[in-house]
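Pasted below: run-v2.cif, mmCIF, C-alpha atoms and all ligand atoms.
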data_work
loop_
_atom_site.label_atom_id
_atom_site.label_comp_id
_atom_site.auth_asym_id
_atom_site.auth_seq_id
_atom_site.Cartn_x
_atom_site.Cartn_y
_atom_site.Cartn_z
CA MET A 89 -26.05 9.71 11.00
CA THR A 90 -24.31 8.25 14.05
CA GLN A 91 -20.54 8.19 13.81
CA ARG A 92 -18.99 5.00 12.44
CA PRO A 93 -16.24 3.32 14.49
CA TYR A 94 -12.62 4.02 13.56
CA ASN A 95 -11.25 1.00 11.72
CA PHE A 96 -7.49 0.39 12.04
CA SER A 97 -7.42 -2.74 9.87
CA ALA A 98 -4.22 -3.41 7.90
CA GLY A 99 -6.23 -4.57 4.91
CA PRO A 100 -8.76 -4.87 3.55
CA ALA A 101 -9.04 -1.54 5.25
CA ALA A 102 -11.34 1.40 5.85
CA ILE A 103 -12.67 3.25 2.79
CA PRO A 104 -13.67 6.93 3.01
CA GLU A 105 -17.30 7.17 4.12
CA GLU A 106 -18.15 9.60 1.30
CA VAL A 107 -17.01 6.97 -1.19
CA LEU A 108 -19.13 4.25 0.41
CA GLN A 109 -22.16 6.57 0.43
CA GLN A 110 -21.71 7.40 -3.23
CA ALA A 111 -21.30 3.73 -4.16
CA ALA A 112 -24.44 2.90 -2.18
CA ALA A 113 -26.42 5.63 -3.92
CA GLU A 114 -25.27 4.37 -7.34
CA MET A 115 -25.58 0.66 -6.56
CA LEU A 116 -28.73 -0.02 -8.58
CA ASN A 117 -28.47 2.66 -11.23
CA TRP A 118 -25.17 4.23 -12.27
CA ASN A 119 -25.48 7.68 -13.75
CA GLY A 120 -28.96 7.11 -15.17
CA SER A 121 -27.85 4.04 -17.15
CA GLY A 122 -30.43 1.78 -15.48
CA MET A 123 -27.60 -0.62 -14.55
CA GLY A 124 -25.42 -1.11 -11.53
CA VAL A 125 -21.68 -1.04 -12.29
CA MET A 126 -21.40 -4.78 -11.50
CA GLU A 127 -23.94 -5.52 -14.22
CA MET A 128 -22.26 -3.66 -17.09
CA SER A 129 -20.28 -5.11 -19.94
CA HIS A 130 -16.64 -4.16 -19.51
CA ARG A 131 -16.62 -3.26 -23.19
CA GLY A 132 -19.68 -1.00 -23.06
CA LYS A 133 -19.27 2.77 -23.22
CA GLU A 134 -20.39 3.22 -19.59
CA PHE A 135 -17.72 1.03 -18.03
CA MET A 136 -15.09 2.10 -20.57
CA SER A 137 -15.64 5.68 -19.39
CA ILE A 138 -15.36 4.65 -15.73
CA ALA A 139 -12.06 2.84 -16.37
CA ALA A 140 -10.61 5.64 -18.50
CA GLN A 141 -11.50 8.24 -15.87
CA ALA A 142 -9.96 6.12 -13.09
CA GLU A 143 -6.73 5.76 -15.04
CA ALA A 144 -6.55 9.47 -15.91
CA ASP A 145 -7.26 10.50 -12.31
CA LEU A 146 -4.60 8.15 -10.98
CA ARG A 147 -2.05 9.38 -13.52
CA GLU A 148 -2.75 12.96 -12.47
CA LEU A 149 -2.76 12.24 -8.72
CA LEU A 150 0.49 10.27 -8.68
CA ALA A 151 2.09 12.38 -11.44
CA VAL A 152 2.84 9.23 -13.45
CA PRO A 153 5.04 10.21 -16.43
CA ALA A 154 3.85 9.48 -19.99
CA HIS A 155 6.46 6.75 -20.54
CA PHE A 156 4.86 4.60 -17.84
CA ARG A 157 1.80 2.42 -18.44
CA ILE A 158 -0.91 2.01 -15.81
CA LEU A 159 -2.36 -1.51 -15.64
CA PHE A 160 -5.33 -2.77 -13.63
CA MET A 161 -4.70 -6.46 -12.98
CA GLN A 162 -5.88 -9.29 -10.71
CA GLY A 163 -4.13 -11.60 -8.28
CA GLY A 164 -3.07 -9.08 -5.64
CA GLY A 165 0.41 -8.31 -4.41
CA LEU A 166 1.20 -11.99 -3.95
CA ALA A 167 0.50 -12.86 -7.58
CA GLU A 168 2.77 -9.98 -8.62
CA ASN A 169 5.56 -11.74 -6.72
CA ALA A 170 5.41 -14.30 -9.54
CA ILE A 171 4.19 -12.04 -12.36
CA VAL A 172 7.08 -9.59 -11.98
CA PRO A 173 9.83 -12.21 -12.37
CA MET A 174 7.91 -13.89 -15.20
CA ASN A 175 7.86 -10.53 -17.00
CA LEU A 176 11.18 -8.95 -16.10
CA SER A 177 13.71 -11.59 -15.05
CA ARG A 178 14.48 -13.15 -18.48
CA GLY A 179 15.18 -16.18 -16.29
CA GLY A 180 18.39 -14.51 -15.10
CA THR A 181 19.41 -12.92 -11.82
CA VAL A 182 17.15 -10.69 -9.76
CA ASP A 183 18.01 -8.92 -6.49
CA PHE A 184 15.97 -8.48 -3.34
CA VAL A 185 16.38 -6.22 -0.35
CA VAL A 186 14.64 -8.00 2.50
CA THR A 187 13.19 -5.60 5.06
CA GLY A 188 10.23 -7.54 6.44
CA GLY A 189 7.63 -10.19 5.82
CA TRP A 190 6.51 -9.01 2.42
CA SER A 191 9.87 -8.64 0.71
CA GLN A 192 10.86 -12.01 2.17
CA LYS A 193 7.83 -13.60 0.49
CA SER A 194 8.66 -11.84 -2.78
CA ALA A 195 12.21 -13.23 -2.86
CA LYS A 196 11.01 -16.74 -2.12
CA GLU A 197 8.42 -16.72 -4.91
CA ALA A 198 10.85 -15.29 -7.47
CA ARG A 199 13.11 -18.34 -6.99
CA LYS A 200 10.61 -20.35 -9.03
CA TYR A 201 11.45 -18.27 -12.10
CA ALA A 202 14.89 -16.78 -11.66
CA THR A 203 18.04 -16.75 -9.58
CA ALA A 204 16.99 -14.55 -6.68
CA ASN A 205 19.70 -13.02 -4.53
CA VAL A 206 19.14 -11.30 -1.21
CA VAL A 207 21.57 -8.37 -1.47
CA ALA A 208 20.75 -6.71 1.86
CA SER A 209 18.60 -7.60 4.83
CA ASN A 210 17.48 -6.25 8.19
CA GLU A 211 16.62 -9.69 9.50
CA ALA A 212 19.34 -9.60 12.16
CA ASP A 213 17.60 -6.79 14.03
CA GLY A 214 14.09 -8.18 13.68
CA HIS A 215 13.16 -5.94 10.73
CA THR A 216 13.38 -2.70 12.70
CA THR A 217 15.89 -0.76 10.56
CA LEU A 218 16.61 -0.27 6.85
CA PRO A 219 19.95 -1.36 5.36
CA ALA A 220 21.65 1.70 3.84
CA PRO A 221 21.65 1.48 0.01
CA ALA A 222 25.40 2.20 -0.12
CA GLY A 223 25.95 -1.26 1.39
CA TRP A 224 23.71 -3.20 -1.01
CA LYS A 225 25.66 -5.77 -2.99
CA ILE A 226 23.76 -5.47 -6.26
CA SER A 227 24.52 -8.34 -8.64
CA PRO A 228 26.26 -7.46 -11.91
CA GLY A 229 23.63 -7.94 -14.61
CA ALA A 230 20.69 -8.03 -12.20
CA GLN A 231 17.47 -7.78 -14.24
CA TYR A 232 15.88 -5.73 -11.46
CA VAL A 233 16.16 -4.88 -7.78
CA HIS A 234 13.05 -5.43 -5.68
CA ILE A 235 12.15 -3.59 -2.48
CA CYS A 236 8.97 -3.39 -0.45
CA SER A 237 8.73 0.36 0.03
CA ASN A 238 6.41 0.00 3.02
CA GLU A 239 6.49 -3.18 5.07
CA THR A 240 2.91 -3.49 6.27
CA ILE A 241 3.61 -6.10 8.95
CA HIS A 242 6.84 -4.76 10.46
CA GLY A 243 6.07 -1.06 10.05
CA VAL A 244 9.25 -0.11 8.17
CA GLU A 245 9.04 2.44 5.33
CA PHE A 246 11.53 3.82 2.82
CA HIS A 247 11.22 7.60 3.15
CA GLU A 248 13.42 7.99 0.11
CA LEU A 249 13.61 5.48 -2.73
CA PRO A 250 17.13 4.25 -3.47
CA ASP A 251 18.86 5.75 -6.52
CA LEU A 252 20.23 2.62 -8.19
CA LYS A 253 22.09 4.64 -10.84
CA ALA A 254 24.02 6.42 -8.11
CA LEU A 255 24.93 2.95 -6.81
CA GLY A 256 26.38 2.11 -10.21
CA SER A 257 23.54 -0.14 -11.39
CA ASN A 258 21.33 0.18 -14.45
CA ALA A 259 18.83 -2.33 -13.10
CA PRO A 260 15.27 -1.07 -12.85
CA LEU A 261 13.90 -0.70 -9.34
CA VAL A 262 10.74 -2.68 -8.58
CA ILE A 263 8.71 -1.44 -5.63
CA ASP A 264 5.87 -3.17 -3.83
CA PHE A 265 3.95 -0.10 -2.69
CA SER A 266 0.74 -1.96 -1.76
CA SER A 267 0.38 -0.38 1.66
CA HIS A 268 1.45 3.22 1.09
CA VAL A 269 0.47 3.97 -2.50
CA ALA A 270 -1.23 7.38 -2.68
CA SER A 271 -0.10 8.31 0.83
CA ARG A 272 2.85 10.34 -0.51
CA PRO A 273 4.38 11.26 -3.88
CA VAL A 274 6.45 8.71 -5.83
CA ASP A 275 9.86 9.59 -7.29
CA TRP A 276 9.26 7.94 -10.69
CA ALA A 277 12.75 8.79 -11.94
CA ARG A 278 14.03 6.05 -9.62
CA VAL A 279 11.36 3.45 -10.43
CA GLY A 280 11.00 0.85 -13.19
CA LEU A 281 7.85 -0.82 -11.94
CA ALA A 282 5.53 -0.33 -8.99
CA PHE A 283 2.75 -2.67 -7.94
CA GLY A 284 0.17 -2.78 -5.20
CA GLY A 285 -3.09 -4.41 -4.25
CA ALA A 286 -5.91 -1.90 -3.84
CA GLN A 287 -7.26 -3.05 -0.49
CA LYS A 288 -4.97 -1.02 1.76
CA ASN A 289 -5.19 2.49 0.40
CA LEU A 290 -7.11 2.51 -2.89
CA GLY A 291 -10.40 0.73 -2.33
CA PRO A 292 -11.67 -2.85 -2.12
CA ALA A 293 -9.70 -6.03 -2.78
CA GLY A 294 -9.76 -7.44 -6.30
CA VAL A 295 -7.78 -4.98 -8.39
CA THR A 296 -3.99 -4.79 -8.46
CA LEU A 297 -2.34 -1.64 -9.70
CA VAL A 298 0.81 -1.99 -11.83
CA VAL A 299 2.69 1.07 -13.07
CA VAL A 300 5.44 -0.02 -15.44
CA ARG A 301 7.99 1.78 -17.58
CA GLU A 302 7.14 1.26 -21.24
CA ASP A 303 10.57 -0.10 -22.19
CA LEU A 304 10.18 -3.00 -19.73
CA LEU A 305 7.21 -4.46 -21.60
CA GLY A 306 7.50 -7.35 -24.03
CA GLN A 307 10.14 -9.56 -22.41
CA ALA A 308 7.93 -12.08 -20.58
CA LEU A 309 9.05 -15.70 -20.25
CA SER A 310 7.14 -18.07 -22.54
CA ILE A 311 5.57 -19.77 -19.51
CA CYS A 312 3.91 -16.50 -18.46
CA PRO A 313 0.10 -16.71 -18.78
CA SER A 314 -1.08 -14.26 -21.45
CA ALA A 315 -3.42 -12.61 -18.97
CA PHE A 316 -0.38 -11.76 -16.82
CA ASP A 317 1.93 -10.65 -19.63
CA TYR A 318 2.35 -6.90 -19.14
CA ARG A 319 2.69 -6.33 -22.90
CA VAL A 320 -0.62 -8.09 -23.55
CA VAL A 321 -2.37 -6.33 -20.67
CA ALA A 322 -1.05 -2.94 -21.78
CA ASP A 323 -1.93 -3.47 -25.45
CA ASN A 324 -5.49 -4.31 -24.43
CA ALA A 325 -5.91 -1.37 -22.01
CA SER A 326 -6.24 -3.83 -19.08
CA MET A 327 -9.17 -5.55 -20.82
CA TYR A 328 -7.52 -8.60 -22.34
CA ASN A 329 -9.80 -10.54 -20.03
CA THR A 330 -12.64 -9.24 -17.87
CA PRO A 331 -11.09 -6.87 -15.35
CA PRO A 332 -12.38 -6.57 -11.76
CA THR A 333 -14.90 -3.97 -12.85
CA TYR A 334 -16.46 -3.09 -9.52
CA SER A 335 -13.11 -2.77 -7.75
CA ILE A 336 -11.88 -0.46 -10.53
CA TYR A 337 -15.02 1.65 -10.16
CA MET A 338 -14.54 1.87 -6.38
CA ALA A 339 -10.86 2.76 -6.75
CA GLY A 340 -11.97 5.44 -9.21
CA LEU A 341 -14.27 6.92 -6.56
CA VAL A 342 -11.35 6.91 -4.12
CA PHE A 343 -9.19 8.74 -6.70
CA GLN A 344 -11.88 11.41 -7.03
CA TRP A 345 -12.08 11.68 -3.24
CA LEU A 346 -8.28 12.08 -3.13
CA LYS A 347 -8.43 14.87 -5.70
CA ARG A 348 -10.92 16.74 -3.48
CA GLN A 349 -8.72 16.57 -0.36
CA LYS A 350 -7.15 19.76 0.94
CA GLU A 351 -4.76 20.34 3.81
CA GLY A 352 -3.63 23.94 4.22
CA ASP A 353 -2.35 25.00 0.79
CA PHE A 354 -2.00 21.41 -0.39
CA THR A 355 -4.40 19.32 -2.45
CA GLY A 356 -4.48 15.69 -3.58
CA ILE A 357 -1.49 13.53 -2.71
CA ALA A 358 0.40 16.46 -1.17
CA ALA A 359 -2.56 17.04 1.14
CA MET A 360 -2.60 13.34 2.03
CA GLU A 361 1.10 13.40 2.80
CA ALA A 362 0.72 16.40 5.10
CA ARG A 363 -2.23 14.80 6.88
CA ASN A 364 -0.49 11.43 7.13
CA LEU A 365 2.59 13.05 8.66
CA GLY A 366 0.43 14.75 11.27
CA LYS A 367 -1.33 11.49 12.11
CA ALA A 368 1.89 9.47 12.35
CA ASN A 369 3.67 12.10 14.44
CA LEU A 370 0.78 12.25 16.88
CA LEU A 371 0.82 8.50 17.46
CA TYR A 372 4.60 7.95 17.52
CA ASN A 373 5.16 10.96 19.82
CA PHE A 374 2.62 9.61 22.25
CA ILE A 375 4.17 6.13 22.22
CA ASP A 376 7.72 7.48 22.57
CA HIS A 377 6.78 9.55 25.63
CA SER A 378 5.09 6.62 27.30
CA GLN A 379 6.54 4.08 29.73
CA PHE A 380 3.57 1.82 29.07
CA TYR A 381 3.72 1.37 25.28
CA VAL A 382 6.68 0.83 22.97
CA ASN A 383 7.45 0.87 19.24
CA LYS A 384 10.69 -0.91 18.28
CA VAL A 385 11.29 0.46 14.78
CA ALA A 386 14.21 2.88 14.25
CA ARG A 387 12.86 6.43 14.04
CA ASP A 388 14.18 7.25 10.58
CA CYS A 389 12.35 4.36 8.91
CA ARG A 390 9.07 4.18 10.75
CA SER A 391 6.03 3.66 8.59
CA ARG A 392 3.50 6.47 8.38
CA MET A 393 0.84 3.92 7.53
CA ASN A 394 1.35 0.89 9.78
CA VAL A 395 2.32 1.44 13.42
CA PRO A 396 3.08 -1.76 15.30
CA PHE A 397 3.31 -1.22 19.05
CA PHE A 398 3.45 -3.26 22.22
CA LEU A 399 2.14 -2.95 25.75
CA ARG A 400 5.18 -3.46 27.97
CA ASP A 401 2.97 -5.72 30.07
CA GLU A 402 1.61 -8.07 27.43
CA SER A 403 -0.74 -9.77 29.90
CA ARG A 404 -3.00 -6.75 29.34
CA ASN A 405 -3.34 -7.24 25.58
CA ASP A 406 -6.81 -8.77 25.63
CA ALA A 407 -8.14 -6.10 27.99
CA PHE A 408 -6.65 -3.40 25.77
CA LEU A 409 -8.34 -4.77 22.66
CA ALA A 410 -11.70 -5.29 24.39
CA GLY A 411 -11.68 -1.73 25.75
CA ALA A 412 -10.71 -0.35 22.36
CA LYS A 413 -13.62 -2.12 20.71
CA GLU A 414 -16.01 -0.69 23.29
CA ARG A 415 -14.80 2.79 22.30
CA GLY A 416 -15.33 2.11 18.61
CA LEU A 417 -11.63 1.50 17.80
CA LEU A 418 -11.54 -1.65 15.70
CA GLN A 419 -9.00 -4.20 14.41
CA LEU A 420 -5.96 -3.13 16.44
CA LYS A 421 -4.56 -6.62 17.01
CA GLY A 422 -1.02 -7.03 15.66
CA HIS A 423 -0.03 -9.41 12.88
CA LYS A 424 0.43 -12.96 14.16
CA SER A 425 4.14 -13.01 13.23
CA VAL A 426 4.90 -9.88 15.29
CA GLY A 427 2.29 -9.91 18.06
CA GLY A 428 1.22 -6.91 20.12
CA MET A 429 -0.86 -4.23 18.41
CA ARG A 430 -0.84 -2.57 15.04
CA ALA A 431 -2.64 0.63 14.10
CA SER A 432 -2.96 1.01 10.34
CA ILE A 433 -3.66 4.64 9.62
CA TYR A 434 -4.15 4.77 5.88
CA ASN A 435 -5.53 7.72 3.91
CA ALA A 436 -9.11 6.98 4.96
CA MET A 437 -8.24 7.38 8.67
CA PRO A 438 -8.81 10.99 9.77
CA LEU A 439 -6.64 12.75 12.35
CA ALA A 440 -9.64 12.56 14.71
CA GLY A 441 -9.40 8.76 14.58
CA VAL A 442 -5.74 8.78 15.62
CA GLN A 443 -6.58 11.31 18.36
CA ALA A 444 -9.32 8.98 19.60
CA LEU A 445 -6.80 6.12 19.70
CA VAL A 446 -4.24 8.18 21.62
CA ASP A 447 -6.93 9.32 24.09
CA TYR A 448 -7.93 5.72 24.63
CA MET A 449 -4.33 4.56 25.09
CA ARG A 450 -3.80 7.27 27.73
CA ASP A 451 -7.03 6.34 29.54
CA PHE A 452 -6.25 2.63 29.42
CA GLU A 453 -2.85 3.23 30.96
CA LYS A 454 -4.51 5.14 33.83
CA THR A 455 -6.91 2.27 34.56
CA CYS A 456 -3.84 0.02 34.94
CA ALA A 457 -2.02 2.31 37.41
C1 LIG B 1 -1.12 -6.82 1.61
C2 LIG B 1 0.19 -6.83 0.95
C3 LIG B 1 0.51 -7.77 -0.03
C4 LIG B 1 -0.40 -8.92 -0.41
O1 LIG B 1 -1.48 -8.55 -1.13
P1 LIG B 1 -2.56 -9.65 -1.59
O2 LIG B 1 -3.57 -8.79 -2.27
O3 LIG B 1 -3.08 -10.32 -0.37
O4 LIG B 1 -1.90 -10.58 -2.50
C5 LIG B 1 1.75 -7.69 -0.64
N1 LIG B 1 2.63 -6.73 -0.30
C6 LIG B 1 2.35 -5.82 0.65
C7 LIG B 1 3.36 -4.78 1.00
C8 LIG B 1 1.13 -5.84 1.31
O5 LIG B 1 0.86 -4.93 2.26
#
If you convert what's in this file into structure tokens, what do you get?
Ligand SMILES: *Cc1c(COP(=O)(O)O)cnc(C)c1O
Amino acid sequence: MTQRPYNFSAGPAAIPEEVLQQAAAEMLNWNGSGMGVMEMSHRGKEFMSIAAQAEADLRELLAVPAHFRILFMQGGGLAENAIVPMNLSRGGTVDFVVTGGWSQKSAKEARKYATANVVASNEADGHTTLPAPAGWKISPGAQYVHICSNETIHGVEFHELPDLKALGSNAPLVIDFSSHVASRPVDWARVGLAFGGAQKNLGPAGVTLVVVREDLLGQALSICPSAFDYRVVADNASMYNTPPTYSIYMAGLVFQWLKRQKEGDFTGIAAMEARNLGKANLLYNFIDHSQFYVNKVARDCRSRMNVPFFLRDESRNDAFLAGAKERGLLQLKGHKSVGGMRASIYNAMPLAGVQALVDYMRDFEKTCA
């Protein structure tokens, strides 16, 4: 088979080729059932087994403790911006740390349901740093504190989750981990709820992962649709209404692929973290040693997944993108609110893909000399 291009899309994003091949092979007939997965009842034993396996594999991969529930929902990260406050705010005060485009959106949406305070922000420096947790002005009685643990657009990542207890707050921490879930371990002791759309790092769009501490269930506002009430979803094993069956199946194949990954002595998520570090270091080191390209994010909070960068001479942007496409390096254009370029190097991107990008960047610079 000829090599596929390397796809640097921010999302929906590349899916491991082995997973796509397996899905293709099973498209018309899953496991001898005579049915494709899209054609199965979600309450039949075939799909029930697919969903149960996906949940068990995810729990094992991410080391999710027993007192957390795993929910497969719909609506994506944006819907969770409303679903979280409907479930956890009690209509009271909720706190947001704004570190980029996504957390900004989350705070704005929460205002429909609760009093949403911005308790720290990196807006003044163009979302290129992270405000130190010691300086966060957490509201007394905050129902939760929301952060986006990886800002997909601005390329800022928390490399350590804040310890709210150490800051004197009992509020649960809510993390939007849409764009780095499964790229590194999660410190669940610091988390109350985590949510993420699947289409960055877990599979196709359509399923939204919610991992929520059991004691946070059952306090939804009365206006909350039943299908979005975490208690209802949990009590019905994510099948209160028809779940996005095919997306859950695909995510399940990605989980099995993740479990097979090895990097040195590491397997699973630890292997992914080691590989992702290698990929990110390769790209950032190249950019930092270049006079031609620049990344503006402070070094200690640079995302391992989303690398926004600029050509110092922006008049060459179109030529850069056209040349990249010719070399089989796709979807490198930056987000419209930031401009420049963005390389999203999620789990499905191999080191060879990042090497191919760096080689191209070096060659492009030479053609401009
Ligand atoms: C992509 C993304 C979202 C939005 O997800 P949708 O599925 O489009 O609703 C939210 N948060 C983060 C961090 C994202 O990367």
### Task
Report as an MDAnalysis selection string which protein, DNA and RNA residues come within 9 Å of ligand LIG 1 (chain B), using all atoms listed in the file.
chainID A and resid 98:100 162:169 189:191 193:194 236:241 264:268 283:288 293:296
Closest contacts (stretch 317-361 of chain A/stretch 101-123 of chain A, max 9 Å, only C-alpha atoms) as a tab-separated table:
residue	atom	partner	partner_atom	distance
A:Tyr337	CA	A:Ala111	CA	8.9
A:Met338	CA	A:Ala111	CA	7.4
A:Leu341	CA	A:Val107	CA	6.0
A:Val342	CA	A:Val107	CA	6.4
A:Gln344	CA	A:Val107	CA	9.0
A:Trp345	CA	A:Val107	CA	7.1
Could you write out that same residue set with C-alpha atoms as an mmCIF file, keeping the file's coordinate frame?
data_model
loop_
_atom_site.group_PDB
_atom_site.id
_atom_site.type_symbol
_atom_site.label_atom_id
_atom_site.label_comp_id
_atom_site.auth_asym_id
_atom_site.auth_seq_id
_atom_site.Cartn_x
_atom_site.Cartn_y
_atom_site.Cartn_z
ATOM 1 C CA TYR A 337 -15.020 1.650 -10.160
ATOM 2 C CA MET A 338 -14.540 1.870 -6.380
ATOM 3 C CA LEU A 341 -14.270 6.920 -6.560
ATOM 4 C CA VAL A 342 -11.350 6.910 -4.120
ATOM 5 C CA GLN A 344 -11.880 11.410 -7.030
ATOM 6 C CA TRP A 345 -12.080 11.680 -3.240
#
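Taking atom CA of A:Ala322 and atom CA of A:Leu304 as endpoints, the distance between them is 11.4 Å.
In this comparison, which uses all atoms listed in the file, the residue of A:Gly214, A:Pro292, A:Pro331, A:Pro221 approaching A:Met161 most closely is A:Pro331.
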### Task
Find the residue from A:Thr333, A:Ser425, A:Ser177, A:Ser209 that sits nearest to A:Leu305; use all atoms listed in the file when measuring.
A:Ser177
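Of note, atom CA of A:Thr217 and atom CA of A:Asp376 are spaced 16.7 Å apart.
Of the residues listed (A:Val300, A:Met393, A:Val207, A:Ala254), A:Met393 shows the shortest atom-to-atom separation from A:Tyr372; distances use all atoms listed in the file.
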### Query
Around (7.4, -7.4, -19.7) in the file's frame, which residues reach within 7 Å when counting all atoms listed in the file? Return as an NGL selection string?
:A and (175-176 or 304-308 or 317-319)
## Note on the structure
Across A:Val298, A:Tyr232, A:Ile336, A:Asn289, the smallest distance to A:Ala140, with only C-alpha atoms counted, is shown by A:Ile336
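Atom CA of A:Met360 to atom CA of A:Leu150 spans 11.6 Å [interatomic distance, one decimal].
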